[in-house]
Each structure stands twice: as C-alpha cells, then as structure tokens.
>>> print(open('structure24.txt').read())   # compact mmCIF, C-alpha atoms
# COMPACT_ATOMS: atom_id res chain seq x y z
CA MET A 1 0.00 0.00 0.00
CA LYS A 2 2.85 2.40 0.87
CA ILE A 3 4.53 1.60 -2.43
CA LEU A 4 1.28 2.30 -4.27
CA GLN A 5 0.94 5.66 -2.46
CA ALA A 6 4.56 6.52 -3.25
CA ALA A 7 4.09 5.56 -6.91
CA ALA A 8 1.03 7.81 -7.15
CA LEU A 9 2.91 10.76 -5.64
CA ILE A 10 5.90 10.22 -7.92
CA MET A 11 3.54 10.14 -10.92
CA MET A 12 2.05 13.47 -9.80
CA LEU A 13 5.53 14.96 -9.44
CA VAL A 14 6.46 13.82 -12.95
CA VAL A 15 3.26 15.31 -14.40
CA ILE A 16 3.53 18.62 -12.53
CA TYR A 17 7.26 19.20 -13.15
CA PRO A 18 6.93 20.53 -16.76
CA ALA A 19 4.21 22.95 -15.66
CA PHE A 20 6.36 24.04 -12.71
CA LYS A 21 9.30 24.71 -15.06
CA TRP A 22 7.17 26.67 -17.55
CA TRP A 23 5.36 28.83 -15.00
CA THR A 24 8.52 29.71 -13.06
CA LYS A 25 10.30 30.67 -16.29
CA ASN A 26 7.49 32.24 -18.34
CA GLY A 27 4.73 33.09 -15.90
CA PRO A 28 3.70 36.75 -15.63
CA LYS A 29 5.34 38.81 -12.91
CA ALA A 30 3.37 40.40 -10.12
CA GLY A 31 2.42 44.04 -10.39
CA GLU A 32 2.29 46.57 -7.60
CA GLY A 33 0.06 45.41 -4.78
CA ASP A 34 -0.58 42.00 -6.38
CA TRP A 35 1.15 39.96 -3.67
CA GLN A 36 -0.71 41.78 -0.89
CA ALA A 37 -3.96 41.20 -2.79
CA ALA A 38 -3.19 37.47 -2.98
CA MET A 39 -1.85 37.00 0.56
CA LEU A 40 -4.76 38.75 2.28
CA PRO A 41 -7.40 36.11 1.44
CA LEU A 42 -4.92 33.31 2.15
CA LEU A 43 -4.30 34.75 5.62
CA GLY A 44 -8.07 34.83 5.97
CA VAL A 45 -8.16 31.12 5.13
CA VAL A 46 -5.56 30.45 7.86
CA ALA A 47 -7.61 32.39 10.42
CA PHE A 48 -10.78 30.61 9.33
CA ILE A 49 -9.18 27.18 9.74
CA ILE A 50 -7.99 28.11 13.24
CA LEU A 51 -11.58 29.07 14.01
CA LEU A 52 -12.85 25.73 12.68
CA ILE A 53 -10.31 23.85 14.82
CA MET A 54 -11.53 25.74 17.90
CA LEU A 55 -15.12 24.82 16.98
CA VAL A 56 -14.46 21.08 16.95
CA ARG A 57 -12.25 20.92 20.06
CA MET B 58 -6.55 24.08 -22.52
CA ASN B 59 -5.70 23.42 -18.83
CA ARG B 60 -3.41 24.94 -16.25
CA PHE B 61 -0.58 22.65 -17.44
CA GLU B 62 -0.73 23.89 -21.04
CA ASN B 63 1.27 26.99 -21.73
CA VAL B 64 -0.29 30.16 -23.04
CA ILE B 65 2.18 32.48 -24.72
CA ALA B 66 -0.23 35.08 -26.02
CA ARG B 67 -3.98 35.40 -25.96
CA PRO B 68 -6.47 37.85 -27.38
CA GLN B 69 -8.49 40.05 -25.07
CA PRO B 70 -11.53 37.98 -24.08
CA SER B 71 -15.01 39.37 -24.65
CA ALA B 72 -17.20 39.75 -21.57
CA VAL B 73 -19.86 37.58 -23.20
CA SER B 74 -17.52 34.63 -23.87
CA THR B 75 -15.92 34.93 -20.41
CA ASN B 76 -19.32 34.98 -18.72
CA LYS B 77 -20.39 31.95 -20.76
CA VAL B 78 -17.31 29.98 -19.67
CA LEU B 79 -17.87 31.06 -16.05
CA LYS B 80 -21.54 30.10 -16.12
CA ASN B 81 -20.85 26.69 -17.70
CA THR B 82 -17.96 26.05 -15.32
CA TYR B 83 -19.99 26.75 -12.17
CA MET B 84 -22.96 24.76 -13.44
CA LEU B 85 -20.79 21.74 -14.25
CA LEU B 86 -18.96 22.15 -10.94
CA SER B 87 -22.27 22.04 -9.03
CA ALA B 88 -23.36 18.95 -10.96
CA THR B 89 -20.08 17.11 -10.45
CA LEU B 90 -19.97 17.96 -6.73
CA GLY B 91 -23.50 16.65 -6.34
CA PHE B 92 -22.67 13.48 -8.24
CA SER B 93 -19.54 13.04 -6.17
CA ALA B 94 -21.55 13.33 -2.95
CA LEU B 95 -24.03 10.77 -4.26
CA MET B 96 -21.23 8.33 -5.08
CA ALA B 97 -19.77 8.86 -1.60
CA LEU B 98 -23.13 7.84 -0.09
CA VAL B 99 -23.23 4.76 -2.35
CA SER B 100 -19.71 3.83 -1.27
CA MET B 101 -20.62 4.25 2.40
CA GLY B 102 -23.74 2.15 1.90
CA LEU B 103 -21.72 -0.62 0.25
CA GLN B 104 -19.20 -0.42 3.17
CA MET B 105 -16.23 -0.33 0.82
CA PRO B 106 -12.81 -1.07 2.36
CA PRO B 107 -10.30 1.77 3.07
CA MET B 108 -8.11 0.78 0.11
CA THR B 109 -10.92 1.98 -2.18
CA TYR B 110 -9.74 5.58 -1.58
CA LEU B 111 -6.23 4.99 -2.93
CA ILE B 112 -7.40 2.97 -5.93
CA SER B 113 -10.10 5.53 -6.81
CA VAL B 114 -7.68 8.46 -6.53
CA ILE B 115 -5.06 6.75 -8.71
CA ALA B 116 -7.67 5.77 -11.33
CA ALA B 117 -9.11 9.31 -11.34
CA MET B 118 -5.62 10.80 -11.61
CA VAL B 119 -4.72 8.60 -14.59
CA MET B 120 -7.97 9.56 -16.33
CA GLY B 121 -7.42 13.21 -15.54
CA ILE B 122 -3.91 13.19 -16.99
CA PHE B 123 -4.33 10.95 -20.04
CA VAL B 124 -8.01 10.89 -21.00
CA LEU B 125 -9.63 14.20 -20.02
CA PRO B 126 -7.33 16.54 -22.00
CA LYS B 127 -8.01 14.50 -25.16
CA THR B 128 -11.81 14.56 -24.72
CA ALA B 129 -12.34 17.99 -23.17
CA ASN B 130 -13.23 19.58 -26.51
CA SER B 131 -16.05 17.13 -27.22
CA THR B 132 -19.15 15.94 -25.39
CA LYS B 133 -17.22 12.84 -24.34
CA GLY B 134 -15.40 15.16 -21.95
CA LEU B 135 -18.59 15.53 -19.91
CA GLY B 136 -18.80 11.78 -19.46
CA VAL B 137 -15.13 11.61 -18.51
CA ILE B 138 -15.35 14.37 -15.92
CA PHE B 139 -18.39 12.79 -14.32
CA LEU B 140 -16.50 9.49 -14.25
CA ILE B 141 -13.48 11.15 -12.61
CA THR B 142 -15.53 13.01 -10.00
CA GLY B 143 -17.69 9.95 -9.40
CA LEU B 144 -14.56 7.88 -8.76
CA LEU B 145 -13.19 10.45 -6.35
CA GLY B 146 -16.51 10.64 -4.52
CA PHE B 147 -16.68 6.86 -4.34
CA GLY B 148 -13.19 6.81 -2.85
CA VAL B 149 -14.11 9.33 -0.15
CA GLY B 150 -16.93 7.08 1.15
CA PRO B 151 -14.70 4.76 3.24
CA LEU B 152 -12.91 7.81 4.70
CA LEU B 153 -16.21 9.29 5.81
CA SER B 154 -17.31 5.93 7.26
CA MET B 155 -14.09 5.88 9.28
CA TYR B 156 -14.62 9.42 10.59
CA LEU B 157 -18.20 8.59 11.56
CA THR B 158 -16.88 6.02 14.03
CA LEU B 159 -15.04 8.78 15.96
CA PRO B 160 -16.82 10.34 19.00
CA ASN B 161 -17.20 13.74 17.28
CA GLY B 162 -17.00 12.33 13.77
CA PRO B 163 -20.27 13.76 12.38
CA GLN B 164 -19.31 17.22 13.71
CA VAL B 165 -15.86 16.98 12.10
CA ILE B 166 -17.33 15.96 8.74
CA ALA B 167 -20.00 18.67 8.80
CA THR B 168 -17.44 21.31 9.83
CA ALA B 169 -15.03 20.23 7.09
CA MET B 170 -17.80 20.31 4.50
CA GLY B 171 -19.10 23.69 5.58
CA GLY B 172 -15.59 25.08 5.90
CA THR B 173 -14.67 23.93 2.40
CA GLY B 174 -17.79 25.56 1.00
CA VAL B 175 -17.09 28.86 2.76
CA ILE B 176 -13.44 28.88 1.65
CA PHE B 177 -14.35 28.17 -1.98
CA LEU B 178 -17.18 30.71 -2.18
CA ALA B 179 -15.16 33.43 -0.45
CA LEU B 180 -12.08 32.96 -2.62
CA SER B 181 -14.08 32.66 -5.84
CA GLY B 182 -16.05 35.78 -5.00
CA TYR B 183 -12.84 37.60 -4.22
CA ALA B 184 -11.15 36.50 -7.46
CA LEU B 185 -14.21 37.50 -9.51
CA THR B 186 -14.54 40.95 -7.95
CA ALA B 187 -10.91 41.89 -7.23
CA LYS B 188 -10.21 42.82 -10.86
CA ARG B 189 -6.66 41.53 -10.50
CA ASP B 190 -4.86 38.95 -12.62
CA PHE B 191 -3.67 36.27 -10.20
CA SER B 192 -1.82 34.28 -12.87
CA PHE B 193 1.46 35.61 -11.42
CA LEU B 194 0.88 33.04 -8.65
CA GLY B 195 1.52 30.18 -11.12
CA GLY B 196 5.25 29.72 -10.44
CA PHE B 197 4.85 30.05 -6.67
CA LEU B 198 1.94 27.59 -6.54
CA PHE B 199 3.58 24.92 -8.69
CA ALA B 200 6.83 25.23 -6.73
CA GLY B 201 4.89 24.91 -3.48
CA LEU B 202 3.04 21.90 -4.84
CA MET B 203 6.34 20.19 -5.70
CA VAL B 204 7.63 20.82 -2.14
CA VAL B 205 4.44 19.51 -0.54
CA LEU B 206 4.39 16.39 -2.72
CA VAL B 207 8.02 15.61 -1.81
CA ALA B 208 7.17 16.12 1.88
CA ALA B 209 4.14 13.82 1.53
CA LEU B 210 6.30 11.23 -0.21
CA ALA B 211 8.84 11.36 2.63
CA ASN B 212 6.09 11.12 5.23
CA ILE B 213 4.79 7.86 3.77
CA PHE B 214 7.93 6.26 5.22
CA LEU B 215 8.66 8.61 8.15
CA ALA B 216 5.04 8.60 9.45
CA LEU B 217 5.45 11.80 11.50
CA PRO B 218 2.11 13.25 12.72
CA ALA B 219 3.53 16.81 12.78
CA LEU B 220 4.73 16.49 9.18
CA SER B 221 1.36 15.09 8.19
CA LEU B 222 -0.35 18.15 9.72
CA ALA B 223 2.10 20.47 7.97
CA VAL B 224 1.50 18.77 4.62
CA SER B 225 -2.28 19.02 5.05
CA ALA B 226 -2.04 22.70 5.99
CA GLY B 227 0.26 23.34 3.03
CA ILE B 228 -2.11 21.63 0.63
CA ILE B 229 -5.08 23.66 1.88
CA LEU B 230 -3.18 26.92 1.37
CA LEU B 231 -1.92 25.88 -2.06
CA MET B 232 -5.38 24.77 -3.19
CA SER B 233 -6.79 28.07 -1.94
CA GLY B 234 -4.18 29.80 -4.06
CA PHE B 235 -5.15 27.63 -7.01
CA ILE B 236 -8.78 28.71 -6.64
CA LEU B 237 -7.65 32.32 -7.03
CA PHE B 238 -5.31 31.35 -9.88
CA ASP B 239 -7.84 29.23 -11.82
CA THR B 240 -10.75 31.65 -11.37
CA SER B 241 -8.56 34.55 -12.46
CA ARG B 242 -7.47 32.61 -15.57
CA ILE B 243 -11.10 32.04 -16.55
CA VAL B 244 -11.91 35.74 -16.09
CA GLN B 245 -8.81 36.86 -18.02
CA GLY B 246 -9.45 34.41 -20.86
CA GLY B 247 -6.50 32.11 -20.12
CA GLU B 248 -8.87 29.18 -19.73
CA THR B 249 -11.66 28.88 -22.28
CA ASN B 250 -12.58 25.22 -21.86
CA TYR B 251 -15.21 24.95 -19.12
CA ILE B 252 -14.60 21.19 -18.65
CA MET B 253 -10.91 21.72 -17.85
CA ALA B 254 -11.78 24.76 -15.72
CA THR B 255 -14.26 22.64 -13.75
CA TYR B 256 -11.68 19.89 -13.30
CA GLY B 257 -9.16 22.34 -11.84
CA LEU B 258 -11.65 23.89 -9.43
CA TYR B 259 -13.07 20.49 -8.44
CA LEU B 260 -9.61 19.20 -7.55
CA SER B 261 -8.98 22.27 -5.41
CA ILE B 262 -12.27 21.78 -3.54
CA PHE B 263 -11.68 18.05 -3.16
CA ASN B 264 -8.17 18.48 -1.77
CA ILE B 265 -9.25 21.24 0.61
CA PHE B 266 -12.05 19.01 1.96
CA ILE B 267 -9.87 15.91 2.41
CA ASN B 268 -7.07 17.81 4.13
CA LEU B 269 -9.40 19.92 6.27
CA LEU B 270 -11.04 16.66 7.38
CA SER B 271 -7.58 15.35 8.28
CA ILE B 272 -6.61 18.47 10.27
CA LEU B 273 -9.94 18.67 12.10
CA GLY B 274 -9.84 14.93 12.79
CA ILE B 275 -6.38 15.21 14.37
CA MET B 276 -6.85 18.55 16.17
CA GLY B 277 -10.39 17.87 17.25
CA GLY B 278 -9.41 14.76 19.22
CA ASP B 279 -9.23 14.51 22.99
CA GLU B 280 -5.39 14.25 23.02
>>> encode(input="structure24.txt", output="structure tokens")
Amino acid sequence: MKILQAAALIMMLVVIYPAFKWWTKNGPKAGEGDWQAAMLPLLGVVAFIILLIMLVR
Amino acid sequence: MNRFENVIARPQPSAVSTNKVLKNTYMLLSATLGFSALMALVSMGLQMPPMTYLISVIAAMVMGIFVLPKTANSTKGLGVIFLITGLLGFGVGPLLSMYLTLPNGPQVIATAMGGTGVIFLALSGYALTAKRDFSFLGGFLFAGLMVVLVAALANIFLALPALSLAVSAGIILLMSGFILFDTSRIVQGGETNYIMATYGLYLSIFNIFINLLSILGIMGGDE
C-alpha cells in the first residue's frame, strides 16, 4: 500500500514538473500590490481554519 | 486548454464569452460535486474497504492526466469528468465511514464540509470581484506543490504526525491559491474550456475538503 501511495505521488511529481518549469520561467510577474492582494485572502483562510479547529475541540 | 498547457499570447476575451465559460464552469462544478456526494453515499452504503480511496484516486488521476485533456473539446469530456468526479466521490466514502466512528465524527465531517464551502465561495467571490490577474501566482503555486508532494512522499515512510499536519495545511493553502489562480485565468481568458476549468476547481475543492477533514480529525481529538 505504501509503495502504491509513493508511486502515485511520484507520478504526480512527474506530471507537474513541466508545468512548474514553464510557469517559473514564463509566468507573468506580479504588479504593484498583487502579492498583498493574494496574501490577504490566504491569511483569511488560515484564520478561518484556526476558528474551525476551535469549533471542533 | 488546462493549467498545465502553456499560453504564450492570448487575445483580449469578450465579456460575453468569459461569462459563458464562467456560467458553464460553475454549473458543471455544481453537478459534479452533487454526483460526487451521491457516489460517496453509495460507497458508504456498500461499506467499501479503506483501500478503495487509494485505488479511486489513482484511477481518477490517470484519467485526468491521459483521458480528459483528449476529450475535453467534445461531449465525451462531460462523461469523462463525471466518471473522474464519481470515482473520487466513491473513494471518499470509506474515509467518511471511518470518521463517523469517531466520537465527534459527524461534527468533524460537517465542519469540514461547511468550511470547504465557505473557503471556496469566499475565494471565488474575491477573485471574480478583485479585478486583479492572479496568474502571477503560477510559479509560486507549482513550486509549493512540488515541495508539498516531496514532503508527503517522505512522510509515507517517516510517518510523522507533525509532518502530516504540515503537509495538510500546506495543501489547503496551495489549493486556496489555485482557486484564485484558476478563477482569475477564466476571467482573463487564459482558460476557455469549461470542462478543464471545472476539473481544476473540483480538484482544489476536493483536496481542501480531504485535508481539512484530516486536520480537524487530528486537532479535534481529545489528546
């Protein structure tokens, strides 16, 4: 079972690697304020998950 | 076209065509999520063994990589995406059955489900209204995904609970980023195939749910 899981993950790595190479080399660069605009909702997700953990404890 | 295919240049999308892709994507996403939930119930009813999850995920992954891109431009693509999402839903059934045996299992499942819904709706709404192109996140997200997959691979053999938690948290954040990324690509015209767009968003939702379930299951215990 562990070997099957490992094989699946390795397959995903092999599939994702070309996309990773392309996007890091050719992907558009962030403009002014773009990173803040992206990080703000992600921080909100973190806070929300902490809230959910407190709800189930 | 999917997030793995490279777009060098694209014409400015018309609002009408973008709205059509968005509408079709969200309609297909709703249908596939509903079908997935139905298949999960079937799987729970049949009391499938835990190994069903791994087999279903691998089968769905193979179909998503090799079959879906070839059929996404025809009506066969609809059948394929329902097959993929049905498989994934069927695989989740044994996981849910396992969580239901825990003392606060139903609460954990309901919280994970509701939490996933809130995260998806909030991020989608934000990406649709922010009027920003989040495609700059592509490199960061794919790099992060590589790191998380390597960590998950290592943890198969190390079996460290803390690393498992970290991987789950990392996946949730990355998938949240992918929701922004994918939604933004639809709005900006980088993704014009609603079947591939649905597949990307579905995977993000699925992975957020599974990993949120894992985190809440671990953190919500008595220990």
>>> residues_near_point(input="structure24.txt", point="(-4.0, 35.6, 3.6)", cutoff="12 Å", atoms="only C-alpha atoms", output="compact mmCIF listing (two decimals) with C-alpha atoms, in the frame of the given file")
# COMPACT_ATOMS: atom_id res chain seq x y z
CA TRP A 35 1.15 39.96 -3.67
CA GLN A 36 -0.71 41.78 -0.89
CA ALA A 37 -3.96 41.20 -2.79
CA ALA A 38 -3.19 37.47 -2.98
CA MET A 39 -1.85 37.00 0.56
CA LEU A 40 -4.76 38.75 2.28
CA PRO A 41 -7.40 36.11 1.44
CA LEU A 42 -4.92 33.31 2.15
CA LEU A 43 -4.30 34.75 5.62
CA GLY A 44 -8.07 34.83 5.97
CA VAL A 45 -8.16 31.12 5.13
CA VAL A 46 -5.56 30.45 7.86
CA ALA A 47 -7.61 32.39 10.42
CA PHE A 48 -10.78 30.61 9.33
CA ILE A 49 -9.18 27.18 9.74
CA ILE B 176 -13.44 28.88 1.65
CA LEU B 180 -12.08 32.96 -2.62
CA TYR B 183 -12.84 37.60 -4.22
CA LEU B 230 -3.18 26.92 1.37
CA LEU B 231 -1.92 25.88 -2.06
CA SER B 233 -6.79 28.07 -1.94
CA GLY B 234 -4.18 29.80 -4.06
CA LEU B 237 -7.65 32.32 -7.03
>>> closest_residue(input="structure24.txt", among="A:Ile3, A:Lys21, A:Gly33, A:Leu51", to="B:Leu210", atoms="all atoms listed in the file")
A:Ile3
>>> interface_residues(input="structure24.txt", of="chain A", to="chain B", cutoff="6 Å", atoms="all atoms listed in the file", output="PDB file with C-alpha atoms, in the coordinates of the input")
ATOM      1  CA  ALA A   6       4.560   6.520  -3.250  1.00  0.00           C
ATOM      2  CA  ALA A  19       4.210  22.950 -15.660  1.00  0.00           C
ATOM      3  CA  PHE A  20       6.360  24.040 -12.710  1.00  0.00           C
ATOM      4  CA  TRP A  23       5.360  28.830 -15.000  1.00  0.00           C
ATOM      5  CA  THR A  24       8.520  29.710 -13.060  1.00  0.00           C
ATOM      6  CA  PRO A  28       3.700  36.750 -15.630  1.00  0.00           C
ATOM      7  CA  LYS A  29       5.340  38.810 -12.910  1.00  0.00           C
ATOM      8  CA  ALA A  30       3.370  40.400 -10.120  1.00  0.00           C
ATOM      9  CA  ILE A  53     -10.310  23.850  14.820  1.00  0.00           C
ATOM     10  CA  VAL A  56     -14.460  21.080  16.950  1.00  0.00           C
ATOM     11  CA  ARG A  57     -12.250  20.920  20.060  1.00  0.00           C
TER      12      ARG A  57
END
>>> residues_around(input="structure24.txt", residues="B:Leu135", least_positions_apart="6", cutoff="9 Å", atoms="all atoms listed in the file", output="list in words")
Leu85, Thr128, Ala129 and Ile252 of chain B
>>> atom_distance(input="structure24.txt", atom1="atom CA of B:Ala254", atom2="atom CA of B:Leu79")
8.8 Å
>>> atom_distance(input="structure24.txt", atom1="atom CA of B:Thr82", atom2="atom CA of B:Thr255")
5.3 Å
>>> atom_distance(input="structure24.txt", atom1="atom CA of B:Ala94", atom2="atom CA of A:Ile50")
25.8 Å
>>> residues_around(input="structure24.txt", residues="B:Leu140", least_positions_apart="4", cutoff="9 Å", atoms="all atoms listed in the file", output="NGL selection string")
:B and (117 or 120 or 135-136 or 144-145)
>>> closest_residue(input="structure24.txt", among="B:Ser113, B:Pro107, B:Ser181, B:Ser261", to="A:Ala8", atoms="all atoms listed in the file")
B:Ser113
